[in-house]
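Following: one structure in structure tokens, then a few remarks.
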Amino acid sequence: MADYSLDFQIRYDSERDSCSIFFRCFDTPNSVTVFGLTEPDVIEPLLLGVRGACLGFHRLWSFSSADSDIARINGQVESIEVDQSTADLLREMIAFNRQEPLFDFTIGPVSLAWKRAQRVPTDEELADALVHVGVSKVTVDGKVVMKADPYLRVDVGGAAKGFVADYLVAMLRDAGVESADIDLGGNLFLMGDHPEGRPWRLSVRIPEGVPAEPVMVNVSNKSAVTSGSYERFVEIGGKRYQHIIDPRTGWPSESDIVSATVIADSSLKADMLATTACLAGTEGFFELALRHPGCDFIAILADGTVLRSA
């Protein structure tokens, strides 16, 4: 597991009346900027606490650490006791999957088959991996996670940073913060209004090579999360295969949506919905948006077409 113990900076900006902490965690750069609270003896312990909370979640959910909750769950076990936060995250993901089955966090056996592949897996190999996939095989009772299939593997990557962002928002609010910019590797939460007394103005990320015009949105006290096929991929035989796996087929998603951004009150919900929107494609995009009123959806297609929910 990466050692982030000394990798951080705290910076003050007197012109913006702000203080920021920059640090690496979750294998990405992160930053949290708080406005209107810059007394060193107050803000520095708070921001160090924010970073400490992130490092704690990273240790719990790291794939590379043998004693993390995720690694222990993914061992050949039938039940195991985990941290309360891990149990809470899994409960949220299970509940979301009941409404949106395309969001399947047990796709781990198939994802692993693609990550380790020296060639494109055969349909038979993917079918063998899909046997061990299914959210119905996971239950959580208190802090105990139970698996009906010991070979089932969970992957919290589509929700973890959203869960953490919501946790940090609650932490900052408890400390009296009213305006803050939380950026966990692209998972954004803009607390309150911009310090100038207006909504935050965001530019939706356009994937490289996509001929789309800039898309601007106004956000107040909401999270904005973007997911897309351009983020990560595996290369086999000179061809790139994106990291989002379709649980219906075991193949990397062939959706025509290359990037989906969701704006919601909850960063966890926005995180899970962004991944789901990428899988849904244009055929399911607007139906997905209708099932989640109060959330704003923006999708970008490979040809530059931009879809927006009402």
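Order determines the names: the first chain of the structure tokens is A, the second B, and so forth; residues in each chain are numbered 1 upward, and ligands are numbered 1 upward as they are shown.
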Write out as a ChimeraX atom specification each polymer residue whose atoms come within 10 Å of Ser62 in chain A, counting only C-alpha atoms; drop sequence neighbours fewer than 6 positions from it. /A:1-2,26-27,68-71,156-157
Take the selection from the previous step and output its residues with N, CA and C atoms, as a short mmCIF file (atom, residue, chain, number, x, y, z; two decimals), in the first residue's frame.
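Listed below is the output, again19.cif:
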data_model
loop_
_atom_site.label_atom_id
_atom_site.label_comp_id
_atom_site.auth_asym_id
_atom_site.auth_seq_id
_atom_site.Cartn_x
_atom_site.Cartn_y
_atom_site.Cartn_z
N MET A 1 0.84 -1.19 0.00
CA MET A 1 0.00 0.00 0.00
C MET A 1 0.88 1.24 0.00
N ALA A 2 0.49 2.26 -0.77
CA ALA A 2 1.28 3.48 -0.85
C ALA A 2 1.38 4.15 0.52
N PHE A 26 -6.09 7.54 -1.82
CA PHE A 26 -6.93 6.84 -2.80
C PHE A 26 -6.25 6.80 -4.17
N ASP A 27 -4.91 6.83 -4.18
CA ASP A 27 -4.12 6.80 -5.41
C ASP A 27 -4.39 8.00 -6.32
N SER A 68 -6.56 -5.04 4.97
CA SER A 68 -7.68 -4.11 4.82
C SER A 68 -9.00 -4.88 4.86
N ASP A 69 -10.08 -4.16 5.14
CA ASP A 69 -11.39 -4.81 5.16
C ASP A 69 -11.72 -5.44 3.81
N ILE A 70 -11.41 -4.73 2.73
CA ILE A 70 -11.74 -5.24 1.40
C ILE A 70 -10.95 -6.50 1.09
N ALA A 71 -9.65 -6.50 1.42
CA ALA A 71 -8.84 -7.70 1.17
C ALA A 71 -9.35 -8.87 1.99
N VAL A 156 -15.34 -1.57 -4.14
CA VAL A 156 -16.05 -0.37 -3.68
C VAL A 156 -15.61 0.88 -4.43
N GLY A 157 -14.84 0.70 -5.51
CA GLY A 157 -14.31 1.84 -6.24
C GLY A 157 -15.35 2.77 -6.81
#
Which residues are close to range 132-148 of chain A, i.e. within 8 Å by only C-alpha atoms, leaving aside same-chain residues fewer than 6 positions away? Reply as a list in words. Ile73, Val77, Glu78, Ser79, Ile80, Glu81, Val82, Asp83, Gln84, Ala87, Leu90, Arg91, Ile94, Asn97, Asp104, Phe105, Thr106, Ile107, Gly108 and Pro109 of chain A
Residues within 6 Å of range 261-263 of chain A, please, as a ChimeraX atom specification. Count only C-alpha atoms; anything in the same chain fewer than 4 positions from it doesn't count. /A:223-226,270,274,295-298
Could those residues be written to a file, using N, CA and C atoms, as a PDB file, in the first residue's frame?
ATOM      1  N   SER A 223     -22.815  17.861  -4.637  1.00  0.00           N
ATOM      2  CA  SER A 223     -21.665  17.123  -5.140  1.00  0.00           C
ATOM      3  C   SER A 223     -21.777  16.959  -6.643  1.00  0.00           C
ATOM      4  N   ALA A 224     -20.642  16.963  -7.308  1.00  0.00           N
ATOM      5  CA  ALA A 224     -20.582  16.695  -8.746  1.00  0.00           C
ATOM      6  C   ALA A 224     -19.530  15.618  -8.973  1.00  0.00           C
ATOM      7  N   VAL A 225     -19.960  14.510  -9.569  1.00  0.00           N
ATOM      8  CA  VAL A 225     -19.055  13.381  -9.790  1.00  0.00           C
ATOM      9  C   VAL A 225     -19.102  12.981 -11.256  1.00  0.00           C
ATOM     10  N   THR A 226     -17.934  12.781 -11.838  1.00  0.00           N
ATOM     11  CA  THR A 226     -17.823  12.367 -13.234  1.00  0.00           C
ATOM     12  C   THR A 226     -17.199  10.988 -13.317  1.00  0.00           C
ATOM     13  N   ALA A 270     -24.249  10.438  -6.093  1.00  0.00           N
ATOM     14  CA  ALA A 270     -23.727  10.928  -7.369  1.00  0.00           C
ATOM     15  C   ALA A 270     -22.672   9.987  -7.923  1.00  0.00           C
ATOM     16  N   ALA A 274     -23.197   8.031 -11.449  1.00  0.00           N
ATOM     17  CA  ALA A 274     -22.329   8.339 -12.587  1.00  0.00           C
ATOM     18  C   ALA A 274     -21.850   7.058 -13.259  1.00  0.00           C
ATOM     19  N   CYS A 295     -31.655  14.945  -8.943  1.00  0.00           N
ATOM     20  CA  CYS A 295     -30.280  14.803  -9.425  1.00  0.00           C
ATOM     21  C   CYS A 295     -30.202  15.312 -10.867  1.00  0.00           C
ATOM     22  N   ASP A 296     -29.114  15.954 -11.211  1.00  0.00           N
ATOM     23  CA  ASP A 296     -28.897  16.437 -12.574  1.00  0.00           C
ATOM     24  C   ASP A 296     -27.885  15.534 -13.273  1.00  0.00           C
ATOM     25  N   PHE A 297     -28.183  15.161 -14.502  1.00  0.00           N
ATOM     26  CA  PHE A 297     -27.342  14.243 -15.267  1.00  0.00           C
ATOM     27  C   PHE A 297     -26.842  14.925 -16.534  1.00  0.00           C
ATOM     28  N   ILE A 298     -25.562  14.745 -16.824  1.00  0.00           N
ATOM     29  CA  ILE A 298     -24.959  15.243 -18.060  1.00  0.00           C
ATOM     30  C   ILE A 298     -24.135  14.106 -18.652  1.00  0.00           C
TER      31      ILE A 298
END
Report the distance between CA of Ser259 in chain A and CA of Val306 in chain A in Å, rounded to one decimal place.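 Atom-to-atom, CA of Ser259 in chain A and CA of Val306 in chain A are spaced 9.7 Å apart.
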List every residue of range 85-115 of chain A that has an atom at most 12 Å from any atom of range 282-288 of chain A, giving for each one its closest atom pair and the distance in Å to one decimal, counting only C-alpha atoms, sorted by chain and then by ascending residue number, as JSON lines.
{"residue": "A:Gln99", "atom": "CA", "partner": "A:Leu288", "partner_atom": "CA", "distance": 10.2}
{"residue": "A:Glu100", "atom": "CA", "partner": "A:Leu288", "partner_atom": "CA", "distance": 8.6}
{"residue": "A:Pro101", "atom": "CA", "partner": "A:Leu288", "partner_atom": "CA", "distance": 11.6}
{"residue": "A:Leu102", "atom": "CA", "partner": "A:Gly284", "partner_atom": "CA", "distance": 10.8}
{"residue": "A:Phe103", "atom": "CA", "partner": "A:Leu288", "partner_atom": "CA", "distance": 12.0}
How would the residues just picked look written out with C-alpha atoms as a JSON list (two decimals), in the first residue's frame?
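Result file again.json:
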[["chain", "number", "residue", "atom", "x", "y", "z"],
["A", 99, "GLN", "CA", -32.97, -0.04, -7.56],
["A", 100, "GLU", "CA", -30.21, -0.01, -10.19],
["A", 101, "PRO", "CA", -29.00, -3.59, -10.91],
["A", 102, "LEU", "CA", -26.44, -2.31, -13.43],
["A", 103, "PHE", "CA", -24.45, -1.05, -10.45]]
All alpha helix (DSSP H) positions in range 112-169 of chain A, as number ranges by chain: A: 112-115, 123-130, 160-169
Give the strand (DSSP E) residues of range 69-305 of chain A, as assigned by DSSP on the backbone, as a ChimeraX atom specification. /A:79-81,138-141,144-147,180-184,187-191,200-204,215-219,222-228,233-236,239-242,257-264,296-301
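Between Ala113 in chain A and the candidates A:Pro40, A:Pro195, A:Pro150, A:Gly250, the tightest atom-to-atom separation, counting only C-alpha atoms, involves A:Gly250.
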Please, which residues in range 118-179 of chain A fall within 12 Å of range 55-61 of chain A when counting only C-alpha atoms, and what is the closest atom pair and distance in Å to one decimal for each, ordered by chain then residue number, as a tab-separated table?
residue	atom	partner	partner_atom	distance
A:Val154	CA	A:Trp61	CA	10.4
A:Asp155	CA	A:Trp61	CA	9.0
A:Val156	CA	A:Trp61	CA	7.6
A:Gly157	CA	A:Trp61	CA	8.9
A:Ala159	CA	A:Trp61	CA	11.2
A:Ala160	CA	A:Trp61	CA	8.1
A:Lys161	CA	A:Phe57	CA	9.2
A:Gly162	CA	A:Phe57	CA	11.7
A:Phe163	CA	A:Phe57	CA	9.7
A:Val164	CA	A:Phe57	CA	7.5
A:Ala165	CA	A:Phe57	CA	11.0
A:Tyr167	CA	A:Phe57	CA	10.4
A:Leu168	CA	A:Phe57	CA	11.4
Straight-line distance linking CA of Leu47 in chain A with CA of Lys222 in chain A, stated in Å to one decimal: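 Atom-to-atom, CA of Leu47 in chain A to CA of Lys222 in chain A, that is 20.2 Å.
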How many Å lie between CA of Val177 in chain A and CA of Phe8 in chain A, rounded to one decimal?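 Straight-line distance from CA of Val177 in chain A to CA of Phe8 in chain A works out to 21.1 Å.
Residue nearest Gly294 in chain A, chosen from A:Ala277, A:Leu307, A:Ala264, A:Ala212 and counting only C-alpha atoms: A:Ala264.
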